[in-house]
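Source file coords38.cif; content: mmCIF, C-alpha atoms.
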data_model
#
loop_
_atom_site.label_atom_id
_atom_site.label_comp_id
_atom_site.auth_asym_id
_atom_site.auth_seq_id
_atom_site.Cartn_x
_atom_site.Cartn_y
_atom_site.Cartn_z
CA MET A 1 9.39 -113.11 131.43
CA THR A 2 6.32 -113.00 129.22
CA ARG A 3 5.62 -109.56 127.83
CA ASN A 4 2.16 -108.16 128.43
CA MET A 5 0.89 -107.74 124.89
CA MET A 6 -0.96 -104.48 124.38
CA PRO A 7 -2.77 -103.36 121.21
CA GLU A 8 -0.71 -101.36 118.80
CA ILE A 9 -1.21 -97.59 118.88
CA HIS A 10 -2.10 -97.73 115.19
CA LYS A 11 -4.88 -100.24 115.90
CA ARG A 12 -6.12 -98.22 118.86
CA VAL A 13 -6.37 -95.08 116.77
CA MET A 14 -8.03 -96.93 113.87
CA VAL A 15 -10.63 -98.70 116.03
CA THR A 16 -11.46 -95.54 117.96
CA SER A 17 -11.69 -93.39 114.84
CA ILE A 18 -13.78 -95.94 112.92
CA ALA A 19 -16.15 -96.22 115.89
CA ILE A 20 -16.52 -92.43 115.94
CA ILE A 21 -17.13 -92.28 112.18
CA LEU A 22 -19.65 -95.14 112.40
CA ALA A 23 -21.53 -93.47 115.25
CA PHE A 24 -21.49 -90.17 113.36
CA SER A 25 -22.75 -91.83 110.16
CA LEU A 26 -25.57 -93.64 111.98
CA GLY A 27 -26.57 -90.48 113.80
CA LEU A 28 -26.44 -88.45 110.60
CA GLY A 29 -28.54 -91.05 108.79
CA VAL A 30 -31.17 -91.02 111.54
CA VAL A 31 -31.26 -87.22 111.55
CA ILE A 32 -31.63 -87.05 107.76
CA ASN A 33 -34.47 -89.58 107.82
CA GLN A 34 -36.20 -87.68 110.60
CA ILE A 35 -35.84 -84.50 108.57
CA TYR A 36 -37.53 -86.21 105.60
CA VAL A 37 -40.34 -87.50 107.84
CA LYS A 38 -40.91 -84.05 109.31
CA SER A 39 -40.80 -82.61 105.81
CA TYR A 40 -43.57 -84.97 104.72
CA ILE A 41 -45.61 -84.09 107.80
CA ALA A 42 -45.15 -80.40 107.04
CA MET A 43 -46.22 -80.98 103.43
CA TYR A 44 -49.24 -82.90 104.69
CA SER A 45 -50.16 -80.15 107.13
CA ALA A 46 -49.81 -77.45 104.46
CA ASP A 47 -51.89 -79.49 102.03
CA LEU A 48 -54.51 -80.04 104.70
CA VAL A 49 -54.96 -76.28 105.09
CA THR A 50 -55.80 -76.02 101.40
CA GLU A 51 -58.36 -78.83 101.74
CA VAL A 52 -60.16 -77.36 104.76
CA PRO A 53 -62.80 -75.50 102.62
CA HIS A 54 -63.81 -78.78 100.96
CA ILE A 55 -64.14 -80.52 104.32
CA ILE A 56 -66.17 -77.58 105.67
CA GLY A 57 -68.40 -77.84 102.62
CA GLU A 58 -69.12 -81.48 103.36
CA LEU A 59 -69.83 -80.67 106.99
CA ARG A 60 -72.23 -77.92 105.95
CA GLN A 61 -73.91 -80.17 103.43
CA ASP A 62 -74.52 -82.71 106.20
CA ASN A 63 -75.60 -80.01 108.68
CA MET A 64 -72.65 -80.91 110.95
CA LEU A 65 -71.16 -77.49 111.47
CA GLN A 66 -73.01 -77.13 114.76
CA LEU A 67 -72.73 -80.19 116.88
CA GLY A 68 -74.66 -80.94 120.01
CA GLU A 69 -78.46 -81.43 120.09
CA ASN A 70 -78.70 -80.83 116.31
CA ALA A 71 -76.14 -83.54 115.55
CA PRO A 72 -77.54 -86.71 114.03
CA HIS A 73 -77.81 -89.62 116.41
CA ARG A 74 -75.41 -92.42 115.70
CA ASP A 75 -78.37 -94.77 115.14
CA GLN A 76 -79.68 -92.53 112.39
CA PRO A 77 -78.54 -93.46 108.87
CA ILE A 78 -75.61 -91.45 107.51
CA PRO A 79 -76.64 -89.39 104.48
CA THR A 80 -75.45 -90.66 101.13
CA PRO A 81 -72.69 -88.44 99.69
CA THR A 82 -73.36 -86.51 96.53
CA SER A 83 -69.75 -85.95 95.40
CA LYS A 84 -66.15 -86.60 96.33
CA GLN A 85 -64.41 -83.25 96.63
CA THR A 86 -61.10 -84.03 98.47
CA ASN A 87 -58.43 -86.71 98.96
CA TYR A 88 -58.69 -86.30 102.72
CA LEU A 89 -61.00 -88.44 104.81
CA ALA A 90 -62.67 -86.71 107.74
CA PHE A 91 -64.27 -88.32 110.81
CA ILE A 92 -65.96 -87.26 113.99
CA CYS A 93 -65.24 -90.03 116.44
CA GLU A 94 -66.80 -90.59 119.79
CA ARG A 95 -64.83 -91.70 122.80
CA ASP A 96 -66.25 -95.23 122.59
CA GLY A 97 -64.79 -95.67 119.05
CA ASN A 98 -67.92 -95.10 117.00
CA ALA A 99 -68.11 -92.59 114.14
CA SER A 100 -70.81 -89.96 114.49
CA TRP A 101 -69.90 -88.51 111.08
CA MET A 102 -67.57 -89.23 108.19
CA SER A 103 -66.78 -87.55 104.90
CA TYR A 104 -67.99 -88.73 101.52
CA GLY A 105 -64.71 -90.39 100.61
CA ALA A 106 -64.68 -92.38 103.85
CA ARG A 107 -68.22 -93.59 103.17
CA ASP A 108 -67.20 -94.65 99.66
CA ASN A 109 -64.33 -96.71 101.16
CA GLY A 110 -66.55 -98.33 103.76
CA MET A 111 -64.53 -97.04 106.73
CA LYS A 112 -67.32 -97.08 109.33
CA ASN A 113 -65.17 -98.72 112.03
CA VAL A 114 -61.99 -96.68 111.41
CA CYS A 115 -62.46 -94.77 114.67
CA ARG A 116 -61.58 -97.96 116.55
CA HIS A 117 -58.08 -97.79 114.97
CA ILE A 118 -57.49 -94.14 115.83
CA PRO A 119 -56.11 -93.32 119.32
CA TYR A 120 -58.76 -91.02 120.82
CA SER A 121 -56.15 -89.15 122.88
CA LEU A 122 -54.05 -88.36 119.81
CA SER A 123 -52.37 -84.95 120.14
CA GLY A 124 -50.49 -84.64 116.83
CA PRO A 125 -50.03 -86.26 113.44
CA ASP A 126 -49.55 -90.02 113.53
CA LEU A 127 -49.41 -93.02 111.22
CA ILE A 128 -52.01 -95.80 111.46
CA TYR A 129 -52.84 -98.83 109.35
CA TYR A 130 -56.38 -99.64 108.31
CA ASN A 131 -57.21 -102.55 106.02
CA GLU A 132 -53.44 -102.95 105.49
CA LEU A 133 -53.15 -99.44 104.10
CA PRO A 134 -51.14 -96.65 105.77
CA TYR A 135 -52.93 -93.43 106.74
CA VAL A 136 -51.66 -90.24 108.26
CA VAL A 137 -54.15 -89.07 110.88
CA HIS A 138 -54.40 -85.51 112.14
CA VAL A 139 -56.59 -84.36 115.03
CA ILE A 140 -58.34 -81.02 115.08
CA SER A 141 -59.01 -81.01 118.80
CA GLU A 142 -61.07 -77.83 119.07
CA ALA A 143 -63.38 -78.50 116.11
CA THR A 144 -66.13 -80.19 118.11
CA TYR A 145 -66.01 -78.18 121.34
CA SER A 146 -66.75 -81.46 123.10
CA THR A 147 -64.78 -83.82 125.34
CA GLU A 148 -66.77 -86.78 124.09
CA GLU A 149 -66.05 -86.31 120.38
CA ALA A 150 -62.94 -85.56 118.35
CA PHE A 151 -62.49 -84.46 114.76
CA PHE A 152 -59.89 -86.47 112.76
CA VAL A 153 -58.63 -86.04 109.23
CA LEU A 154 -56.91 -88.97 107.42
CA ARG A 155 -55.10 -89.43 104.18
CA GLU A 156 -53.84 -92.59 102.56
CA VAL A 157 -50.05 -92.32 102.11
CA SER A 158 -48.89 -95.54 100.40
CA ALA A 159 -47.14 -93.66 97.61
CA GLN A 160 -45.55 -91.22 100.05
CA LEU A 161 -44.27 -94.03 102.28
CA GLU A 162 -42.80 -95.83 99.28
CA SER A 163 -41.07 -92.62 98.26
CA LEU A 164 -39.86 -92.14 101.85
CA SER A 165 -38.60 -95.73 101.90
CA GLN A 166 -36.62 -95.13 98.72
CA ILE A 167 -35.19 -91.97 100.24
CA ARG A 168 -34.20 -93.92 103.36
CA ARG A 169 -32.52 -96.62 101.29
CA LYS A 170 -30.61 -93.98 99.36
CA THR A 171 -29.74 -92.20 102.60
CA TRP A 172 -28.30 -95.37 104.15
CA PHE A 173 -26.52 -96.25 100.91
CA TYR A 174 -24.82 -92.88 100.80
CA MET A 175 -24.08 -93.06 104.53
CA GLY A 176 -22.46 -96.45 103.98
CA LEU A 177 -20.51 -95.09 101.03
CA LEU A 178 -19.44 -92.08 103.09
CA PHE A 179 -18.38 -94.39 105.92
CA SER A 180 -16.32 -96.56 103.55
CA ILE A 181 -14.60 -93.57 101.97
CA ALA A 182 -13.94 -91.96 105.36
CA THR A 183 -12.51 -95.25 106.69
CA GLY A 184 -10.24 -95.58 103.67
CA LEU A 185 -9.04 -92.00 103.99
CA LEU A 186 -8.57 -92.49 107.72
CA TYR A 187 -6.45 -95.59 107.15
CA ALA A 188 -4.34 -93.76 104.56
CA ALA A 189 -3.93 -90.76 106.88
CA SER A 190 -3.08 -93.04 109.79
CA TYR A 191 -0.51 -94.94 107.73
CA TRP A 192 1.07 -91.68 106.63
CA SER A 193 0.94 -90.18 110.15
CA PHE A 194 2.61 -93.21 111.74
CA SER A 195 5.32 -93.51 109.08
CA PRO A 196 7.79 -91.43 111.20
CA LEU A 197 7.41 -93.99 114.01
CA ARG A 198 8.15 -96.85 111.61
CA LYS A 199 11.16 -94.92 110.36
CA LEU A 200 12.30 -94.33 113.94
CA ALA A 201 12.02 -98.04 114.74
CA GLY A 202 14.02 -98.90 111.62
CA GLU A 203 16.79 -96.44 112.44
CA LEU A 204 16.99 -97.68 116.03
CA ASN A 205 17.40 -101.24 114.72
CA GLU A 206 20.18 -100.03 112.44
CA ILE A 207 21.88 -98.36 115.40
CA ALA A 208 21.57 -101.58 117.42
CA GLU A 209 23.20 -103.46 114.52
CA SER A 210 25.98 -100.82 114.29
CA ARG A 211 24.91 -99.82 110.77
CA ARG A 212 24.06 -96.27 111.87
CA GLU A 213 25.53 -93.90 114.46
CA LYS A 214 22.59 -91.62 115.21
CA LEU A 215 19.01 -90.78 114.23
CA ASP A 216 18.17 -88.45 111.38
CA SER A 217 17.00 -84.92 112.16
CA ASP A 218 14.16 -84.74 109.60
CA TYR A 219 11.39 -85.85 111.95
CA PRO A 220 8.10 -84.03 112.64
CA LYS A 221 8.17 -81.41 115.37
CA GLU A 222 6.24 -83.67 117.77
CA LEU A 223 9.00 -86.31 117.56
CA GLY A 224 11.88 -83.83 117.45
CA ASP A 225 12.35 -83.76 121.23
CA VAL A 226 12.19 -87.56 121.37
CA THR A 227 14.79 -88.09 118.65
CA ASP A 228 17.05 -85.41 120.15
CA ALA A 229 16.84 -87.14 123.54
CA LEU A 230 17.57 -90.51 121.94
CA ASN A 231 20.55 -89.07 120.08
CA ARG A 232 21.87 -87.61 123.33
CA MET A 233 21.40 -90.97 125.03
CA ILE A 234 23.17 -92.75 122.17
CA THR A 235 26.03 -90.25 122.34
CA LEU A 236 26.34 -90.64 126.11
CA ARG A 237 26.28 -94.42 125.79
CA LYS A 238 28.91 -94.27 123.08
CA GLU A 239 31.07 -91.96 125.19
CA GLN A 240 30.66 -94.24 128.18
CA THR A 241 31.68 -97.27 126.12
CA GLN A 242 34.63 -95.31 124.78
CA ARG A 243 35.58 -94.34 128.34
CA TYR A 244 35.54 -97.97 129.42
CA ARG A 245 37.69 -98.96 126.46
CA HIS A 246 40.14 -96.13 127.08
CA ALA A 247 40.21 -96.82 130.80
CA MET A 248 41.13 -100.46 130.21
CA ASP A 249 43.82 -99.44 127.72
CA ASP A 250 45.14 -96.79 130.10
CA LEU A 251 45.11 -99.22 133.00
CA ALA A 252 47.10 -101.79 131.04
CA HIS A 253 49.54 -99.07 129.98
CA SER A 254 49.94 -97.79 133.54
CA LEU A 255 50.36 -101.24 135.07
CA LYS A 256 53.06 -102.06 132.55
CA SER A 257 55.48 -99.57 134.11
CA ARG A 258 54.69 -100.75 137.64
CA LEU A 259 55.21 -104.36 136.65
CA ALA A 260 58.50 -103.44 135.02
CA ALA A 261 59.54 -101.63 138.20
CA THR A 262 58.54 -104.65 140.28
CA ASN A 263 60.64 -106.95 138.08
CA ALA A 264 63.57 -104.53 138.41
CA LEU A 265 63.22 -104.60 142.19
CA LEU A 266 63.19 -108.39 142.19
CA ASP A 267 66.41 -108.40 140.14
CA ASP A 268 68.13 -105.81 142.37
CA ASN A 269 70.61 -107.74 144.51
CA THR A 270 71.63 -104.63 146.44
CA LEU A 271 68.30 -104.39 148.29
CA SER A 272 67.69 -106.29 151.49
CA ARG A 273 64.67 -108.53 151.71
CA LYS A 274 62.91 -106.04 154.00
CA ALA A 275 63.64 -103.08 151.72
CA MET A 276 62.59 -105.07 148.65
CA SER A 277 59.30 -106.09 150.29
CA LYS A 278 58.62 -102.48 151.22
CA ARG A 279 59.28 -101.24 147.70
CA ILE A 280 57.21 -104.01 146.13
CA ILE A 281 54.32 -103.25 148.50
CA GLU A 282 54.55 -99.63 147.40
CA GLN A 283 54.29 -100.68 143.74
CA VAL A 284 51.37 -102.99 144.48
CA SER A 285 49.62 -100.19 146.40
CA GLN A 286 50.11 -97.84 143.47
CA MET A 287 48.74 -100.47 141.09
CA ASP A 288 45.67 -100.88 143.30
CA ASP A 289 45.16 -97.10 143.33
CA MET A 290 45.43 -97.06 139.53
CA VAL A 291 42.84 -99.81 139.16
CA GLN A 292 40.37 -97.97 141.45
CA TYR A 293 41.05 -94.67 139.70
CA GLN A 294 40.57 -96.06 136.19
CA LEU A 295 37.35 -97.86 137.14
CA LYS A 296 35.97 -94.65 138.63
CA ARG A 297 37.10 -92.68 135.62
CA ALA A 298 35.36 -95.16 133.30
CA LEU A 299 32.16 -94.79 135.30
CA VAL A 300 31.84 -91.02 135.79
CA GLY A 301 34.26 -89.63 133.20
CA GLN A 302 37.37 -87.53 133.67
CA ARG A 303 35.49 -84.34 134.51
CA GLY A 304 33.43 -86.05 137.17
CA LEU A 305 36.43 -86.82 139.41
CA VAL A 306 37.16 -84.77 142.51
CA ARG A 307 39.85 -82.17 141.92
CA GLU A 308 42.48 -81.23 144.43
CA LYS A 309 46.00 -79.85 144.72
CA THR A 310 48.83 -82.36 144.78
CA GLU A 311 52.41 -81.77 145.90
CA LEU A 312 54.72 -82.17 142.96
CA LYS A 313 58.04 -83.22 144.55
CA PRO A 314 56.90 -86.47 146.26
CA VAL A 315 55.30 -87.72 143.03
CA LEU A 316 58.40 -86.84 141.00
CA ASP A 317 60.73 -88.50 143.50
CA SER A 318 58.69 -91.70 143.48
CA LEU A 319 58.49 -91.88 139.69
CA THR A 320 62.11 -90.97 138.96
CA GLY A 321 63.23 -93.56 141.49
CA MET A 322 61.05 -96.18 139.87
CA PHE A 323 62.22 -95.45 136.33
CA ALA A 324 65.82 -95.30 137.49
CA LYS A 325 65.35 -98.93 138.58
CA VAL A 326 63.56 -99.89 135.36
CA TYR A 327 66.22 -98.30 133.16
CA SER A 328 69.14 -99.12 135.41
CA ASP A 329 71.20 -100.21 132.39
CA LYS A 330 71.22 -96.60 131.16
CA PRO A 331 73.08 -93.90 133.13
CA VAL A 332 70.56 -91.05 133.30
CA ASN A 333 71.30 -87.70 134.90
CA ILE A 334 68.06 -86.22 136.31
CA THR A 335 67.94 -82.45 136.81
CA THR A 336 65.03 -80.91 138.71
CA ARG A 337 64.26 -77.18 138.77
CA LEU A 338 61.03 -76.50 140.65
CA GLU A 339 60.68 -72.75 141.07
CA ALA A 340 57.92 -71.65 143.45
CA LEU A 341 55.71 -74.51 142.39
CA PRO A 342 55.21 -76.83 145.36
CA SER A 343 51.89 -78.24 144.07
CA LEU A 344 49.66 -78.45 141.01
CA PRO A 345 45.81 -78.25 140.84
CA LEU A 346 45.45 -81.92 139.82
CA ASN A 347 44.19 -85.07 141.42
CA LYS A 348 47.10 -87.17 142.68
CA ALA A 349 46.19 -90.12 140.45
CA ASP A 350 45.94 -87.81 137.41
CA LEU A 351 49.28 -86.16 138.17
CA THR A 352 50.94 -89.56 138.67
CA GLU A 353 49.47 -90.81 135.38
CA VAL A 354 50.65 -87.77 133.38
CA LEU A 355 54.13 -87.59 134.87
CA GLY A 356 54.52 -91.35 134.69
CA ASN A 357 53.85 -91.44 130.94
CA LEU A 358 56.07 -88.44 130.18
CA LEU A 359 58.95 -89.60 132.37
CA GLU A 360 58.78 -93.11 130.94
CA ASN A 361 59.15 -91.68 127.43
CA ALA A 362 61.95 -89.40 128.60
CA PHE A 363 63.87 -92.26 130.20
CA ARG A 364 63.28 -94.51 127.19
CA PHE A 365 64.37 -92.06 124.49
CA CYS A 366 67.02 -90.00 126.28
CA ILE A 367 70.75 -90.54 125.84
CA SER A 368 71.91 -89.51 129.28
CA GLU A 369 69.93 -86.56 130.60
CA VAL A 370 66.37 -85.74 131.70
CA ARG A 371 65.38 -82.30 132.92
CA ILE A 372 62.22 -81.42 134.90
CA SER A 373 61.46 -77.72 135.38
CA SER A 374 58.52 -75.62 136.48
CA SER A 375 57.50 -71.99 136.58
CA GLU A 376 54.40 -69.89 136.97
CA THR A 377 52.84 -66.79 135.47
CA THR A 378 50.06 -64.58 136.72
CA ASP A 379 47.36 -67.01 135.58
CA HIS A 380 49.11 -70.32 134.83
CA TYR A 381 51.47 -73.01 136.07
CA VAL A 382 54.00 -74.38 133.58
CA LEU A 383 55.70 -77.77 133.90
CA THR A 384 58.29 -78.98 131.37
CA ILE A 385 59.93 -82.40 130.93
CA GLU A 386 62.89 -82.54 128.52
CA ASP A 387 65.37 -85.15 127.33
CA ASP A 388 68.45 -85.21 125.11
CA GLY A 389 67.18 -87.87 122.75
CA LEU A 390 66.33 -87.62 119.05
CA GLY A 391 63.26 -85.42 119.61
CA VAL A 392 59.99 -85.44 117.68
CA GLU A 393 59.65 -84.45 114.05
CA GLU A 394 57.56 -81.33 113.50
CA SER A 395 55.15 -83.24 111.24
CA LEU A 396 54.28 -85.55 114.16
CA ARG A 397 54.11 -83.03 117.02
CA GLU A 398 50.32 -82.79 116.91
CA SER A 399 49.38 -86.30 115.85
CA ILE A 400 51.35 -88.09 118.59
CA PHE A 401 48.65 -87.03 121.10
CA GLN A 402 46.12 -89.18 119.25
CA ARG A 403 45.52 -92.73 120.40
CA GLY A 404 47.49 -95.33 118.47
CA VAL A 405 49.94 -92.85 116.92
CA ARG A 406 53.61 -93.41 117.77
CA ALA A 407 56.57 -91.26 116.81
CA ASP A 408 59.01 -94.17 117.17
CA GLN A 409 58.00 -97.26 115.23
CA LEU A 410 61.14 -99.17 116.14
CA ASN A 411 60.56 -99.48 119.88
CA PRO A 412 57.57 -101.41 121.26
CA GLY A 413 54.62 -99.41 122.55
CA THR A 414 50.85 -98.97 122.37
CA GLY A 415 50.68 -95.33 121.31
CA ILE A 416 48.21 -94.35 124.04
CA GLY A 417 50.44 -92.82 126.73
CA LEU A 418 50.57 -89.32 125.26
CA ALA A 419 46.87 -89.49 124.35
CA VAL A 420 46.11 -90.19 128.01
CA CYS A 421 48.24 -87.21 129.04
CA ASP A 422 46.44 -84.96 126.58
CA GLU A 423 42.98 -86.09 127.82
CA ILE A 424 43.87 -85.57 131.49
CA VAL A 425 45.54 -82.17 130.99
CA GLU A 426 42.64 -80.96 128.81
CA SER A 427 40.09 -82.09 131.42
CA TYR A 428 41.67 -79.60 133.84
CA GLY A 429 41.47 -76.78 131.31
CA GLY A 430 45.17 -77.03 130.51
CA SER A 431 47.19 -77.78 127.41
CA ILE A 432 50.17 -79.91 126.45
CA ARG A 433 52.51 -79.56 123.50
CA VAL A 434 55.88 -80.83 122.36
CA ILE A 435 58.68 -78.53 121.19
CA GLY A 436 62.40 -78.76 120.61
CA SER A 437 64.54 -78.86 123.76
CA GLU A 438 67.77 -77.04 124.62
CA LEU A 439 69.09 -80.54 125.24
CA GLU A 440 68.47 -81.20 121.52
CA GLY A 441 65.73 -83.69 122.28
CA ALA A 442 62.00 -83.29 122.95
CA ALA A 443 60.45 -80.94 125.50
CA PHE A 444 56.88 -81.59 126.67
CA VAL A 445 55.34 -78.40 128.04
CA MET A 446 52.20 -78.51 130.17
CA VAL A 447 50.25 -75.40 131.10
CA PHE A 448 47.59 -75.46 133.85
CA PRO A 449 45.31 -72.57 134.78
CA LYS A 450 45.42 -71.38 138.37
CA VAL A 451 42.30 -72.03 140.38
CA SER A 452 41.16 -70.01 143.37
#

For the structure just supplied, provide its representation as structure tokens.
Amino acid sequence: MTRNMMPEIHKRVMVTSIAIILAFSLGLGVVINQIYVKSYIAMYSADLVTEVPHIIGELRQDNMLQLGENAPHRDQPIPTPTSKQTNYLAFICERDGNASWMSYGARDNGMKNVCRHIPYSLSGPDLIYYNELPYVVHVISEATYSTEEAFFVLREVSAQLESLSQIRRKTWFYMGLLFSIATGLLYAASYWSFSPLRKLAGELNEIAESRREKLDSDYPKELGDVTDALNRMITLRKEQTQRYRHAMDDLAHSLKSRLAATNALLDDNTLSRKAMSKRIIEQVSQMDDMVQYQLKRALVGQRGLVREKTELKPVLDSLTGMFAKVYSDKPVNITTRLEALPSLPLNKADLTEVLGNLLENAFRFCISEVRISSSETTDHYVLTIEDDGLGVEESLRESIFQRGVRADQLNPGTGIGLAVCDEIVESYGGSIRVIGSELEGAAFVMVFPKVS
């Protein structure tokens, strides 16, 4: 199946962040340029205030302070200026685009038709071009007290626009430089921020290749919960794999005794065909129960199995009878002392597995006697299986409950039977230990807590 390729998180973050920085830089550049433009307009307006007396002087000299019937007709010749007193050019423009008056400087520059380039409805400062030169135009709307004429003041701003253009170029240069630096820092920060994810991916690959058992704990707080969950999952998976391996080993170990018993039944000439078939069917049924039990145990674990009370005597009778057939070449005297202990708080399959392993060892290593006894205290049940064999050395009494460890290296065996017993007994909150027996062999003592 083709995987739907999605952009990497790193690329998503980078593209989104760069877009934000770019938009911010463009917006900031526009704002800065607008601030400079408004600053120039403010400077122009402030300068205009200082030039007003000169403009008023020209108006007075031309008798234009009072407009109306005393104003010169537009067909009358405009008086020749006597002096140039200001850098500002002033005009009184009619609505049809003709100039009814202009300042001395405007007359010197031959700007008679400039009113046709000025928007009559202008409400604030604006920029116009006349004879390819830029002018800032300002309207003084109430100067004429007339709706048919408007008073405009202009100033040529070529030098100012060139200065503003240089400022804009510098502004965009610095904005571009700021954008480049911010992008570089963002990439470095992103690379550093995503380094824990790269480390996590590397460690997961090492775990998959069996070069590492779990993830490190030195991750940022935001990833701590994730790595802890992954470690728990890895541990559970490892435990499940271990359970499957142990279950298969335990199943093989358990089936071995049943197969040996089946072979002994087939070799027993004293049994009738009907009795032999019945006994073999019993062994096959027990083997089937063991297979189902071990598969379930591998799936849910020992503690996930349903617990119940199991009668002790029927299980003991079945097992001792089986091992008596298996070890029929050895005369074994079996003594049973079950005092007030009709049942134990164990699943039947678990009890069969534990007693089967211990009785098999007892029959294998005994000389002639095996003793099974039980007792109880206020809080516990105690079950003991003894034999009169060679016993277990004190140095091995703890290690023999580990998988693969065997006390007797001369006889064949897998070294997992006692480990299985220990795991099952411990899963029920009990304990198992080996001590010296009164029969001079080994005594395996199991203690189970009473359950209400």

Hits from the PyMOL selection byres ((chain A and resi 97) around 8), listed as number ranges by chain: A: 93-96, 98-99, 113, 115-116, 120

Polymer residues at most 10 Å from Glu386 of chain A, only C-alpha atoms, same-chain spacing of 2 or more positions, as a list of chain:residue names: A:Thr335, A:Leu358, A:Leu359, A:Asn361, A:Ala362, A:Phe363, A:Cys366, A:Glu369, A:Val370, A:Arg371, A:Ile372, A:Ser373, A:Thr384, A:Asp388, A:Gly389, A:Gly391, A:Val434, A:Ile435, A:Gly436, A:Ser437, A:Glu438, A:Leu439, A:Glu440, A:Gly441, A:Ala442, A:Ala443, A:Phe444, A:Val445

Answer key for the PyMOL selection byres ((chain A and resi 311) around 6), residues as a PyMOL selection string: chain A and resi 310+312-313+342-343

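The spacing separating atom CA of Thr262 of chain A from atom CA of Glu282 of chain A amounts to 9.6 Å.
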
Residues selected by the PyMOL selection byres ((chain A and resi 168-183) around 12), written as an NGL selection string: :A and (13-37 or 161-167 or 184-190)

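Between atom CA of Asp268 of chain A and atom CA of Ala324 of chain A there is a distance of 11.8 Å.
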
Atom CA of Asn231 of chain A to atom CA of Ser195 of chain A, straight-line distance in Å: 19.3 Å

Report as a compact mmCIF listing (two decimals) with C-alpha atoms, in the frame of the given file all protein, DNA and RNA residues lying within 8 Å of Ser103 of chain A, evaluated on all atoms listed in the file, omitting residues in the same chain fewer than 2 positions from it.
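Resulting contents of selection22.txt:
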# COMPACT_ATOMS: atom_id res chain seq x y z
CA ILE A 55 -64.14 -80.52 104.32
CA GLU A 58 -69.12 -81.48 103.36
CA LEU A 59 -69.83 -80.67 106.99
CA PRO A 81 -72.69 -88.44 99.69
CA LEU A 89 -61.00 -88.44 104.81
CA ALA A 90 -62.67 -86.71 107.74
CA PHE A 91 -64.27 -88.32 110.81
CA TRP A 101 -69.90 -88.51 111.08
CA GLY A 105 -64.71 -90.39 100.61
CA ALA A 106 -64.68 -92.38 103.85
CA ARG A 107 -68.22 -93.59 103.17

Expected answer as JSON, numbers by chain: all residues with atoms within 10 Å of (48.7, -78.7, 122.9), all atoms listed in the file: {"A": [397, 398, 401, 422, 425, 426, 430, 431, 432, 433, 434, 444, 445, 446, 447]}

Exercise: residues within 12 Å of coordinate (41.1, -71.6, 141.9), counting only C-alpha atoms, as a ChimeraX atom specification: /A:307-309,344-346,379-381,428-429,448-452

Distance criterion (all atoms listed in the file): nearest to Val136 of chain A out of A:Val157, A:Leu122, A:Phe194, A:Ala42: A:Val157
